[in-house]
$ cat protein-v6.pdb   # PDB, C-alpha atoms and all ligand atoms
ATOM      1  CA  MET A   8    -207.660  22.178-189.980  1.00  0.00           C
ATOM      2  CA  LEU A   9    -209.236  20.296-187.089  1.00  0.00           C
ATOM      3  CA  LEU A  10    -207.104  17.234-187.800  1.00  0.00           C
ATOM      4  CA  ARG A  11    -203.968  19.340-187.948  1.00  0.00           C
ATOM      5  CA  LEU A  12    -204.930  21.022-184.700  1.00  0.00           C
ATOM      6  CA  GLN A  13    -205.443  17.584-183.149  1.00  0.00           C
ATOM      7  CA  GLU A  14    -202.045  16.451-184.411  1.00  0.00           C
ATOM      8  CA  LEU A  15    -200.484  19.539-182.811  1.00  0.00           C
ATOM      9  CA  ASP A  16    -202.353  19.048-179.551  1.00  0.00           C
ATOM     10  CA  ILE A  17    -201.466  15.367-179.252  1.00  0.00           C
ATOM     11  CA  GLY A  18    -197.853  16.232-180.010  1.00  0.00           C
ATOM     12  CA  ARG A  19    -198.072  18.919-177.351  1.00  0.00           C
ATOM     13  CA  ASP A  20    -199.387  16.358-174.849  1.00  0.00           C
ATOM     14  CA  ASP A  21    -196.269  14.245-175.441  1.00  0.00           C
ATOM     15  CA  LEU A  22    -194.021  17.280-174.911  1.00  0.00           C
ATOM     16  CA  VAL A  23    -195.839  18.214-171.713  1.00  0.00           C
ATOM     17  CA  ARG A  24    -195.658  14.619-170.448  1.00  0.00           C
ATOM     18  CA  GLU A  25    -191.929  14.518-171.045  1.00  0.00           C
ATOM     19  CA  ARG A  26    -191.417  17.916-169.404  1.00  0.00           C
ATOM     20  CA  ASP A  27    -193.551  16.964-166.402  1.00  0.00           C
ATOM     21  CA  ALA A  28    -191.573  13.744-165.973  1.00  0.00           C
ATOM     22  CA  GLY A  29    -188.447  15.859-165.315  1.00  0.00           C
ATOM     23  CA  PRO A  30    -189.005  16.297-161.554  1.00  0.00           C
ATOM     24  CA  THR A  31    -189.647  12.550-161.121  1.00  0.00           C
ATOM     25  CA  ARG A  32    -186.430  11.796-162.974  1.00  0.00           C
ATOM     26  CA  LEU A  33    -184.558  14.276-160.788  1.00  0.00           C
ATOM     27  CA  GLU A  34    -186.046  12.784-157.664  1.00  0.00           C
ATOM     28  CA  ALA A  35    -184.990   9.288-158.708  1.00  0.00           C
ATOM     29  CA  ALA A  36    -181.477  10.521-159.490  1.00  0.00           C
ATOM     30  CA  ARG A  37    -181.218  12.347-156.179  1.00  0.00           C
ATOM     31  CA  ALA A  38    -182.641   9.511-154.040  1.00  0.00           C
ATOM     32  CA  PRO A  39    -179.365   7.570-153.498  1.00  0.00           C
ATOM     33  CA  LEU A  40    -177.499  10.811-152.761  1.00  0.00           C
ATOM     34  CA  THR A  41    -180.194  11.860-150.295  1.00  0.00           C
ATOM     35  CA  ALA A  42    -179.990   8.407-148.690  1.00  0.00           C
ATOM     36  CA  ALA A  43    -176.192   8.683-148.325  1.00  0.00           C
ATOM     37  CA  GLN A  44    -176.547  12.164-146.821  1.00  0.00           C
ATOM     38  CA  ALA A  45    -179.194  10.852-144.407  1.00  0.00           C
ATOM     39  CA  ALA A  46    -176.894   7.956-143.449  1.00  0.00           C
ATOM     40  CA  GLU A  47    -174.123  10.467-142.698  1.00  0.00           C
ATOM     41  CA  ARG A  48    -176.479  12.573-140.580  1.00  0.00           C
ATOM     42  CA  VAL A  49    -177.784   9.570-138.635  1.00  0.00           C
ATOM     43  CA  GLY A  50    -174.220   8.303-138.154  1.00  0.00           C
ATOM     44  CA  ARG A  51    -173.140  11.667-136.739  1.00  0.00           C
ATOM     45  CA  GLU A  52    -176.099  11.743-134.372  1.00  0.00           C
ATOM     46  CA  ARG A  53    -175.295   8.238-133.105  1.00  0.00           C
ATOM     47  CA  LEU A  54    -171.620   9.166-132.808  1.00  0.00           C
ATOM     48  CA  GLN A  55    -172.545  12.131-130.663  1.00  0.00           C
ATOM     49  CA  GLU A  56    -174.733   9.921-128.477  1.00  0.00           C
ATOM     50  CA  ALA A  57    -171.971   7.325-128.079  1.00  0.00           C
ATOM     51  CA  THR A  58    -169.434  10.038-127.248  1.00  0.00           C
ATOM     52  CA  ARG A  59    -171.745  11.512-124.619  1.00  0.00           C
ATOM     53  CA  ALA A  60    -172.394   8.056-123.150  1.00  0.00           C
ATOM     54  CA  ARG A  61    -168.645   7.420-122.975  1.00  0.00           C
ATOM     55  CA  GLU A  62    -168.041  10.739-121.220  1.00  0.00           C
ATOM     56  CA  LYS A  63    -170.735   9.851-118.705  1.00  0.00           C
ATOM     57  CA  LEU A  64    -169.165   6.449-118.032  1.00  0.00           C
ATOM     58  CA  GLU A  65    -165.729   8.017-117.614  1.00  0.00           C
ATOM     59  CA  LYS A  66    -167.146  10.363-115.011  1.00  0.00           C
ATOM     60  CA  GLU A  67    -168.653   7.353-113.240  1.00  0.00           C
ATOM     61  CA  ILE A  68    -165.253   5.631-113.273  1.00  0.00           C
ATOM     62  CA  GLU A  69    -163.672   8.757-111.807  1.00  0.00           C
ATOM     63  CA  PHE A  70    -166.299   8.821-109.086  1.00  0.00           C
ATOM     64  CA  GLU A  71    -165.830   5.129-108.296  1.00  0.00           C
ATOM     65  CA  ARG A  72    -162.048   5.605-108.133  1.00  0.00           C
ATOM     66  CA  SER A  73    -162.375   8.472-105.676  1.00  0.00           C
ATOM     67  CA  LYS A  74    -164.666   6.287-103.558  1.00  0.00           C
ATOM     68  CA  LEU A  75    -162.127   3.485-103.775  1.00  0.00           C
ATOM     69  CA  GLU A  76    -159.363   5.757-102.528  1.00  0.00           C
ATOM     70  CA  GLU A  77    -161.529   7.008 -99.715  1.00  0.00           C
ATOM     71  CA  ARG A  78    -162.280   3.421 -98.609  1.00  0.00           C
ATOM     72  CA  ASN A  79    -158.603   2.590 -98.910  1.00  0.00           C
ATOM     73  CA  ARG A  80    -157.739   5.458 -96.604  1.00  0.00           C
ATOM     74  CA  LYS A  81    -160.363   4.360 -94.107  1.00  0.00           C
ATOM     75  CA  LEU A  82    -159.163   0.789 -94.294  1.00  0.00           C
ATOM     76  CA  ARG A  83    -155.735   1.858 -93.038  1.00  0.00           C
ATOM     77  CA  GLN A  84    -157.342   3.166 -89.873  1.00  0.00           C
ATOM     78  CA  VAL A  85    -159.481   0.110 -88.957  1.00  0.00           C
ATOM     79  CA  LYS A  86    -158.776  -1.561 -85.644  1.00  0.00           C
ATOM     80  CA  THR A  87    -160.367  -5.001 -85.865  1.00  0.00           C
ATOM     81  CA  ASN A  88    -159.934  -7.875 -88.222  1.00  0.00           C
ATOM     82  CA  GLU A  89    -163.704  -7.936 -88.944  1.00  0.00           C
ATOM     83  CA  GLU A  90    -163.605  -4.284 -89.993  1.00  0.00           C
ATOM     84  CA  PHE A  91    -160.611  -5.023 -92.233  1.00  0.00           C
ATOM     85  CA  GLN A  92    -162.371  -7.985 -93.838  1.00  0.00           C
ATOM     86  CA  ALA A  93    -165.517  -5.931 -94.452  1.00  0.00           C
ATOM     87  CA  GLY A  94    -163.437  -3.087 -95.870  1.00  0.00           C
ATOM     88  CA  GLN A  95    -161.593  -5.453 -98.232  1.00  0.00           C
ATOM     89  CA  LYS A  96    -164.918  -6.814 -99.443  1.00  0.00           C
ATOM     90  CA  GLU A  97    -166.142  -3.287-100.195  1.00  0.00           C
ATOM     91  CA  LEU A  98    -162.952  -2.486-102.085  1.00  0.00           C
ATOM     92  CA  GLY A  99    -163.422  -5.626-104.164  1.00  0.00           C
ATOM     93  CA  GLU A 100    -166.955  -4.558-105.059  1.00  0.00           C
ATOM     94  CA  HIS A 101    -165.751  -1.098-106.121  1.00  0.00           C
ATOM     95  CA  ARG A 102    -163.033  -2.631-108.277  1.00  0.00           C
ATOM     96  CA  LYS A 103    -165.552  -4.953-109.877  1.00  0.00           C
ATOM     97  CA  ARG A 104    -167.861  -2.042-110.605  1.00  0.00           C
ATOM     98  CA  ILE A 105    -165.013  -0.045-112.164  1.00  0.00           C
ATOM     99  CA  ALA A 106    -164.007  -3.030-114.316  1.00  0.00           C
ATOM    100  CA  GLY A 107    -167.618  -3.366-115.479  1.00  0.00           C
ATOM    101  CA  ILE A 108    -167.816   0.290-116.454  1.00  0.00           C
ATOM    102  CA  GLU A 109    -164.459   0.045-118.227  1.00  0.00           C
ATOM    103  CA  ASP A 110    -165.834  -2.852-120.283  1.00  0.00           C
ATOM    104  CA  SER A 111    -168.779  -0.679-121.289  1.00  0.00           C
ATOM    105  CA  VAL A 112    -166.343   2.093-122.275  1.00  0.00           C
ATOM    106  CA  LEU A 113    -164.443  -0.349-124.480  1.00  0.00           C
ATOM    107  CA  THR A 114    -167.670  -1.465-126.158  1.00  0.00           C
ATOM    108  CA  LEU A 115    -168.580   2.172-126.752  1.00  0.00           C
ATOM    109  CA  MET A 116    -165.154   2.843-128.244  1.00  0.00           C
ATOM    110  CA  GLU A 117    -165.754   0.026-130.701  1.00  0.00           C
ATOM    111  CA  THR A 118    -169.170   1.487-131.523  1.00  0.00           C
ATOM    112  CA  VAL A 119    -167.560   4.904-132.093  1.00  0.00           C
ATOM    113  CA  GLU A 120    -164.978   3.377-134.406  1.00  0.00           C
ATOM    114  CA  GLY A 121    -167.693   1.562-136.372  1.00  0.00           C
ATOM    115  CA  LEU A 122    -169.735   4.755-136.648  1.00  0.00           C
ATOM    116  CA  GLN A 123    -166.712   6.715-137.851  1.00  0.00           C
ATOM    117  CA  HIS A 124    -166.278   4.161-140.635  1.00  0.00           C
ATOM    118  CA  GLU A 125    -169.964   4.338-141.519  1.00  0.00           C
ATOM    119  CA  ILE A 126    -169.838   8.142-141.674  1.00  0.00           C
ATOM    120  CA  ALA A 127    -166.713   8.101-143.842  1.00  0.00           C
ATOM    121  CA  ALA A 128    -168.331   5.577-146.196  1.00  0.00           C
ATOM    122  CA  ALA A 129    -171.513   7.664-146.436  1.00  0.00           C
ATOM    123  CA  ILE A 130    -169.464  10.791-147.223  1.00  0.00           C
ATOM    124  CA  ALA A 131    -167.480   8.921-149.886  1.00  0.00           C
ATOM    125  CA  THR A 132    -170.691   7.586-151.452  1.00  0.00           C
ATOM    126  CA  ALA A 133    -172.272  11.049-151.444  1.00  0.00           C
ATOM    127  CA  ASN A 134    -169.161  12.585-153.021  1.00  0.00           C
ATOM    128  CA  ARG A 135    -169.092   9.918-155.699  1.00  0.00           C
ATOM    129  CA  MET A 136    -172.775  10.491-156.550  1.00  0.00           C
ATOM    130  CA  ARG A 137    -172.812  14.269-156.428  1.00  0.00           C
ATOM    131  CA  GLY A 138    -171.218  14.651-159.874  1.00  0.00           C
ATOM    132  CA  ASP A 139    -173.696  12.290-161.529  1.00  0.00           C
ATOM    133  CA  VAL A 140    -176.650  13.985-159.886  1.00  0.00           C
ATOM    134  CA  GLU A 141    -175.418  17.425-160.943  1.00  0.00           C
ATOM    135  CA  ALA A 142    -174.984  16.173-164.516  1.00  0.00           C
ATOM    136  CA  ILE A 143    -178.570  14.865-164.546  1.00  0.00           C
ATOM    137  CA  GLU A 144    -179.800  18.130-163.017  1.00  0.00           C
ATOM    138  CA  ARG A 145    -178.114  20.085-165.815  1.00  0.00           C
ATOM    139  CA  GLU A 146    -179.465  17.698-168.442  1.00  0.00           C
ATOM    140  CA  VAL A 147    -183.036  17.871-167.119  1.00  0.00           C
ATOM    141  CA  ALA A 148    -182.856  21.677-166.875  1.00  0.00           C
ATOM    142  CA  ALA A 149    -181.638  21.948-170.473  1.00  0.00           C
ATOM    143  CA  ARG A 150    -184.260  19.476-171.738  1.00  0.00           C
ATOM    144  CA  THR A 151    -187.011  21.277-169.815  1.00  0.00           C
ATOM    145  CA  ALA A 152    -185.986  24.591-171.406  1.00  0.00           C
ATOM    146  CA  THR A 153    -186.042  22.983-174.870  1.00  0.00           C
ATOM    147  CA  LEU A 154    -189.447  21.403-174.218  1.00  0.00           C
ATOM    148  CA  ASP A 155    -190.835  24.714-172.930  1.00  0.00           C
ATOM    149  CA  GLN A 156    -189.684  26.356-176.145  1.00  0.00           C
ATOM    150  CA  LYS A 157    -191.253  23.625-178.277  1.00  0.00           C
ATOM    151  CA  ILE A 158    -194.523  23.828-176.349  1.00  0.00           C
ATOM    152  CA  ALA A 159    -194.609  27.613-176.776  1.00  0.00           C
ATOM    153  CA  SER A 160    -194.001  27.181-180.498  1.00  0.00           C
ATOM    154  CA  VAL A 161    -196.797  24.562-180.773  1.00  0.00           C
ATOM    155  CA  ASP A 162    -199.083  26.949-178.902  1.00  0.00           C
ATOM    156  CA  GLN A 163    -198.310  29.655-181.452  1.00  0.00           C
ATOM    157  CA  ASP A 164    -199.140  27.281-184.332  1.00  0.00           C
ATOM    158  CA  ALA A 165    -202.308  26.139-182.567  1.00  0.00           C
ATOM    159  CA  ILE A 166    -203.538  29.737-182.315  1.00  0.00           C
ATOM    160  CA  ALA A 167    -203.257  30.032-186.089  1.00  0.00           C
ATOM    161  CA  PHE A 168    -205.084  26.748-186.685  1.00  0.00           C
ATOM    162  CA  ARG A 169    -207.835  27.560-184.212  1.00  0.00           C
ATOM    163  CA  GLN A 170    -208.600  30.793-186.055  1.00  0.00           C
ATOM    164  CA  GLY A 171    -209.543  28.739-189.099  1.00  0.00           C
ATOM    165  CA  ILE A 172    -212.069  26.537-187.241  1.00  0.00           C
ATOM    166  CA  ASP A 173    -215.622  27.575-186.379  1.00  0.00           C
ATOM    167  CA  PRO A 174    -216.149  28.294-182.663  1.00  0.00           C
ATOM    168  CA  ALA A 175    -218.855  25.647-182.054  1.00  0.00           C
ATOM    169  CA  THR A 176    -216.675  22.859-183.459  1.00  0.00           C
ATOM    170  CA  LEU A 177    -213.684  24.196-181.540  1.00  0.00           C
ATOM    171  CA  SER A 178    -215.643  24.289-178.321  1.00  0.00           C
ATOM    172  CA  HIS A 179    -216.847  20.705-178.795  1.00  0.00           C
ATOM    173  CA  TYR A 180    -213.311  19.644-179.662  1.00  0.00           C
ATOM    174  CA  ASP A 181    -211.937  21.247-176.487  1.00  0.00           C
ATOM    175  CA  ILE A 182    -214.587  19.643-174.287  1.00  0.00           C
ATOM    176  CA  VAL A 183    -213.917  16.149-175.646  1.00  0.00           C
ATOM    177  CA  ARG A 184    -210.156  16.640-175.373  1.00  0.00           C
ATOM    178  CA  THR A 185    -210.487  17.833-171.786  1.00  0.00           C
ATOM    179  CA  ARG A 186    -212.692  14.885-170.822  1.00  0.00           C
ATOM    180  CA  ARG A 187    -210.940  12.114-172.697  1.00  0.00           C
ATOM    181  CA  GLY A 188    -207.471  13.393-173.436  1.00  0.00           C
ATOM    182  CA  GLY A 189    -205.905  12.152-176.668  1.00  0.00           C
ATOM    183  CA  SER A 190    -208.093  12.381-179.759  1.00  0.00           C
ATOM    184  CA  ALA A 191    -211.319  14.361-180.187  1.00  0.00           C
ATOM    185  CA  VAL A 192    -211.604  13.809-183.916  1.00  0.00           C
ATOM    186  CA  SER A 193    -212.067  10.377-185.395  1.00  0.00           C
ATOM    187  CA  GLU A 194    -212.308   9.031-188.902  1.00  0.00           C
ATOM    188  CA  VAL A 195    -215.268   6.830-189.780  1.00  0.00           C
ATOM    189  CA  SER A 196    -214.221   3.962-191.962  1.00  0.00           C
ATOM    190  CA  GLY A 197    -216.542   1.224-193.202  1.00  0.00           C
ATOM    191  CA  GLY A 198    -219.293   2.813-191.116  1.00  0.00           C
ATOM    192  CA  VAL A 199    -217.305   2.336-187.909  1.00  0.00           C
ATOM    193  CA  CYS A 200    -215.884   5.111-185.687  1.00  0.00           C
ATOM    194  CA  GLN A 201    -212.175   4.337-185.627  1.00  0.00           C
ATOM    195  CA  ALA A 202    -211.729   5.698-182.111  1.00  0.00           C
ATOM    196  CA  CYS A 203    -214.417   3.737-180.244  1.00  0.00           C
ATOM    197  CA  ARG A 204    -215.113   1.007-182.836  1.00  0.00           C
ATOM    198  CA  THR A 205    -218.870   1.682-182.746  1.00  0.00           C
ATOM    199  CA  LYS A 206    -221.009   1.366-185.876  1.00  0.00           C
ATOM    200  CA  ILE A 207    -222.433   4.716-186.963  1.00  0.00           C
ATOM    201  CA  PRO A 208    -226.183   4.843-187.863  1.00  0.00           C
ATOM    202  CA  ALA A 209    -226.610   4.340-191.630  1.00  0.00           C
ATOM    203  CA  GLN A 210    -228.186   7.738-192.316  1.00  0.00           C
ATOM    204  CA  MET A 211    -225.498   9.605-190.407  1.00  0.00           C
ATOM    205  CA  TYR A 212    -222.867   7.625-192.259  1.00  0.00           C
ATOM    206  CA  ASN A 213    -224.429   8.569-195.601  1.00  0.00           C
ATOM    207  CA  GLU A 214    -224.572  12.238-194.636  1.00  0.00           C
ATOM    208  CA  LEU A 215    -220.920  12.154-193.683  1.00  0.00           C
ATOM    209  CA  HIS A 216    -220.102  11.554-197.349  1.00  0.00           C
ATOM    210  CA  ALA A 217    -221.099  15.100-198.297  1.00  0.00           C
ATOM    211  CA  PRO A 218    -218.092  17.410-198.827  1.00  0.00           C
ATOM    212  CA  ASP A 219    -216.809  18.907-195.556  1.00  0.00           C
ATOM    213  CA  ALA A 220    -219.467  16.996-193.572  1.00  0.00           C
ATOM    214  CA  GLN A 221    -218.832  16.234-189.953  1.00  0.00           C
ATOM    215  CA  ASN A 222    -220.914  14.963-187.061  1.00  0.00           C
ATOM    216  CA  ILE A 223    -220.609  13.724-183.511  1.00  0.00           C
ATOM    217  CA  CYS A 224    -220.068  10.034-182.784  1.00  0.00           C
ATOM    218  CA  PRO A 225    -223.195   8.881-180.864  1.00  0.00           C
ATOM    219  CA  SER A 226    -221.033   6.616-178.755  1.00  0.00           C
ATOM    220  CA  CYS A 227    -217.767   8.417-177.911  1.00  0.00           C
ATOM    221  CA  ASN A 228    -218.883  11.976-178.699  1.00  0.00           C
ATOM    222  CA  ARG A 229    -215.851  12.626-180.875  1.00  0.00           C
ATOM    223  CA  ILE A 230    -216.127  14.716-184.032  1.00  0.00           C
ATOM    224  CA  ILE A 231    -216.370  12.230-186.879  1.00  0.00           C
ATOM    225  CA  TYR A 232    -215.726  12.535-190.611  1.00  0.00           C
ATOM    226  CA  VAL A 233    -215.369  10.297-193.640  1.00  0.00           C
ATOM    227  CA  ARG A 234    -212.223  10.504-195.728  1.00  0.00           C
ATOM    228  CA  LEU A 235    -213.462  11.194-199.266  1.00  0.00           C
ATOM    229  CA  ALA A 236    -210.266  11.269-201.298  1.00  0.00           C
ATOM    230  CA  PRO A 237    -209.131   7.822-202.383  1.00  0.00           C
ATOM    231  CA  ARG A 238    -206.207   6.634-200.267  1.00  0.00           C
ATOM    232  CA  VAL A 239    -203.438   6.147-202.742  1.00  0.00           C
ATOM    233  CA  THR A 240    -200.607   6.183-200.256  1.00  0.00           C
ATOM    234  CA  ASP A 241    -200.423   5.749-196.529  1.00  0.00           C
ATOM    235  CA  GLU A 242    -200.424   9.481-195.927  1.00  0.00           C
ATOM    236  CA  PRO A 243    -200.693  10.369-192.260  1.00  0.00           C
ATOM    237  CA  VAL A 244    -203.980  11.797-191.047  1.00  0.00           C
ATOM    238  CA  GLY A 245    -204.142  15.527-191.688  1.00  0.00           C
ATOM    239  CA  SER A 246    -201.765  15.462-194.654  1.00  0.00           C
ATOM    240  CA  ALA A 247    -202.107  17.717-197.653  1.00  0.00           C
ATOM    241  CA  GLU A 248    -203.885  14.974-199.598  1.00  0.00           C
ATOM    242  CA  PHE A 249    -206.794  14.980-197.241  1.00  0.00           C
ATOM    243  CA  ARG A 250    -209.685  16.393-199.278  1.00  0.00           C
TER     244      ARG A 250
HETATM  245 ZN    ZN B 301    -216.754   7.005-181.505  1.00  0.00          ZN
END

$ encode --input "protein-v6.pdb" --output "structure tokens" --more "lines below"
Ligand SMILES: [Zn+2]
Amino acid sequence: MLLRLQELDIGRDDLVRERDAGPTRLEAARAPLTAAQAAERVGRERLQEATRAREKLEKEIEFERSKLEERNRKLRQVKTNEEFQAGQKELGEHRKRIAGIEDSVLTLMETVEGLQHEIAAAIATANRMRGDVEAIEREVAARTATLDQKIASVDQDAIAFRQGIDPATLSHYDIVRTRRGGSAVSEVSGGVCQACRTKIPAQMYNELHAPDAQNICPSCNRIIYVRLAPRVTDEPVGSAEFR
């Protein structure tokens, strides 16, 4: 009974492991989609910044042009040649400044164009991935539901098995399983605990040959037993041929 319970519990561990791996699998499947969505978001933010910067520069150009006109008007009223020369020089500087700002606007326009491409590419990538991610989400959800059902069914079987095992043994079994995970019951073969490979004291080994005898491995603390029936076939542990 104990061996069958252990078989159930170890099987249950596998089911739980697979079920618990679902979120990690989902996360891995979603990661590229999330990255594409983040790229789109960042692209839009940078596009907004570039657009704002361009608007600011265009306002500066407007301002410089109005200044230029003002100077032009004043230049028409100057009396001396020196004043005219100085005015011309100022006009030249304004024109140069405007040309410089216009260059910056052009650069920004190129940036905007590049960003628009980046955003479009990110959207296309996200659209392409969305279907795959949704398929994996459905698959993981279905598998999780199946695993939950299987685990519930194993739990039902385990209740039945546990009722056939004495409470002290069960309690020891649970403690070892909690501490070590995996097996809490180990066969002793040739005087050696098969779980931890430690030699069992001779007297304990002899006592284990009594029908239904069990003990605790002095080394790994697992419940140990000796298989008394001759092994004719390679029956799995806990099969009907056991004892
Ligand atoms: Zn042991």

$ closest_atom_pairs --input "protein-v6.pdb" --of "chain A" --to "ligand ZN 301 (chain B)" --cutoff "9 Å" --atoms "only C-alpha atoms and all ligand atoms" --output "Markdown table"
| residue | atom | partner | partner_atom | distance |
| --- | --- | --- | --- | --- |
| A:Val192 | CA | B:ZN301 | ZN | 8.9 |
| A:Ser193 | CA | B:ZN301 | ZN | 7.0 |
| A:Glu194 | CA | B:ZN301 | ZN | 8.9 |
| A:Val195 | CA | B:ZN301 | ZN | 8.4 |
| A:Val199 | CA | B:ZN301 | ZN | 7.9 |
| A:Cys200 | CA | B:ZN301 | ZN | 4.7 |
| A:Gln201 | CA | B:ZN301 | ZN | 6.7 |
| A:Ala202 | CA | B:ZN301 | ZN | 5.2 |
| A:Cys203 | CA | B:ZN301 | ZN | 4.2 |
| A:Arg204 | CA | B:ZN301 | ZN | 6.4 |
| A:Thr205 | CA | B:ZN301 | ZN | 5.9 |
| A:Lys206 | CA | B:ZN301 | ZN | 8.3 |
| A:Ile207 | CA | B:ZN301 | ZN | 8.2 |
| A:Ile223 | CA | B:ZN301 | ZN | 8.0 |
| A:Cys224 | CA | B:ZN301 | ZN | 4.7 |
| A:Pro225 | CA | B:ZN301 | ZN | 6.7 |
| A:Ser226 | CA | B:ZN301 | ZN | 5.1 |
| A:Cys227 | CA | B:ZN301 | ZN | 4.0 |
| A:Asn228 | CA | B:ZN301 | ZN | 6.1 |
| A:Arg229 | CA | B:ZN301 | ZN | 5.7 |
| A:Ile230 | CA | B:ZN301 | ZN | 8.1 |
| A:Ile231 | CA | B:ZN301 | ZN | 7.5 |

$ write_last_selection --input "protein-v6.pdb" --atoms "C-alpha atoms" --output "mmCIF file, in the coordinates of the input"
data_model
loop_
_atom_site.group_PDB
_atom_site.id
_atom_site.type_symbol
_atom_site.label_atom_id
_atom_site.label_comp_id
_atom_site.auth_asym_id
_atom_site.auth_seq_id
_atom_site.Cartn_x
_atom_site.Cartn_y
_atom_site.Cartn_z
ATOM 1 C CA VAL A 192 -211.604 13.809 -183.916
ATOM 2 C CA SER A 193 -212.067 10.377 -185.395
ATOM 3 C CA GLU A 194 -212.308 9.031 -188.902
ATOM 4 C CA VAL A 195 -215.268 6.830 -189.780
ATOM 5 C CA VAL A 199 -217.305 2.336 -187.909
ATOM 6 C CA CYS A 200 -215.884 5.111 -185.687
ATOM 7 C CA GLN A 201 -212.175 4.337 -185.627
ATOM 8 C CA ALA A 202 -211.729 5.698 -182.111
ATOM 9 C CA CYS A 203 -214.417 3.737 -180.244
ATOM 10 C CA ARG A 204 -215.113 1.007 -182.836
ATOM 11 C CA THR A 205 -218.870 1.682 -182.746
ATOM 12 C CA LYS A 206 -221.009 1.366 -185.876
ATOM 13 C CA ILE A 207 -222.433 4.716 -186.963
ATOM 14 C CA ILE A 223 -220.609 13.724 -183.511
ATOM 15 C CA CYS A 224 -220.068 10.034 -182.784
ATOM 16 C CA PRO A 225 -223.195 8.881 -180.864
ATOM 17 C CA SER A 226 -221.033 6.616 -178.755
ATOM 18 C CA CYS A 227 -217.767 8.417 -177.911
ATOM 19 C CA ASN A 228 -218.883 11.976 -178.699
ATOM 20 C CA ARG A 229 -215.851 12.626 -180.875
ATOM 21 C CA ILE A 230 -216.127 14.716 -184.032
ATOM 22 C CA ILE A 231 -216.370 12.230 -186.879
#

$ atom_distance --input "protein-v6.pdb" --atom1 "CA of Thr31 (chain A)" --atom2 "CA of Ile182 (chain A)"
29.1 Å

$ closest_atom_pairs --input "protein-v6.pdb" --of "region 88-187 of chain A" --to "region 64-76 of chain A" --cutoff "9 Å" --atoms "only C-alpha atoms" --output "tab-separated table"
residue	atom	partner	partner_atom	distance
A:Glu97	CA	A:Leu75	CA	8.6
A:Leu98	CA	A:Leu75	CA	6.3
A:His101	CA	A:Leu75	CA	6.3
A:Arg102	CA	A:Leu75	CA	7.6
A:Arg104	CA	A:Glu71	CA	7.8
A:Ile105	CA	A:Ile68	CA	5.8
A:Ala106	CA	A:Ile68	CA	8.8
A:Ile108	CA	A:Leu64	CA	6.5
A:Glu109	CA	A:Ile68	CA	7.5
A:Ser111	CA	A:Leu64	CA	7.8
A:Val112	CA	A:Leu64	CA	6.7

$ write_last_selection --input "protein-v6.pdb" --atoms "C-alpha atoms" --output "JSON list (two decimals), keeping the file's coordinate frame"
[["chain", "number", "residue", "atom", "x", "y", "z"],
["A", 97, "GLU", "CA", -166.14, -3.29, -100.20],
["A", 98, "LEU", "CA", -162.95, -2.49, -102.08],
["A", 101, "HIS", "CA", -165.75, -1.10, -106.12],
["A", 102, "ARG", "CA", -163.03, -2.63, -108.28],
["A", 104, "ARG", "CA", -167.86, -2.04, -110.60],
["A", 105, "ILE", "CA", -165.01, -0.04, -112.16],
["A", 106, "ALA", "CA", -164.01, -3.03, -114.32],
["A", 108, "ILE", "CA", -167.82, 0.29, -116.45],
["A", 109, "GLU", "CA", -164.46, 0.04, -118.23],
["A", 111, "SER", "CA", -168.78, -0.68, -121.29],
["A", 112, "VAL", "CA", -166.34, 2.09, -122.28]]

$ closest_residue --input "protein-v6.pdb" --among "A:Arg59, A:Arg83, A:Arg150, A:Lys96" --to "Asp27 (chain A)" --atoms "only C-alpha atoms"
A:Arg150

$ atom_distance --input "protein-v6.pdb" --atom1 "CA of Leu40 (chain A)" --atom2 "CA of Ala142 (chain A)"
13.2 Å

$ closest_residue --input "protein-v6.pdb" --among "A:Ala209, A:Ser160, A:Val49, A:Gln95" --to "Leu82 (chain A)" --atoms "all atoms listed in the file"
A:Gln95
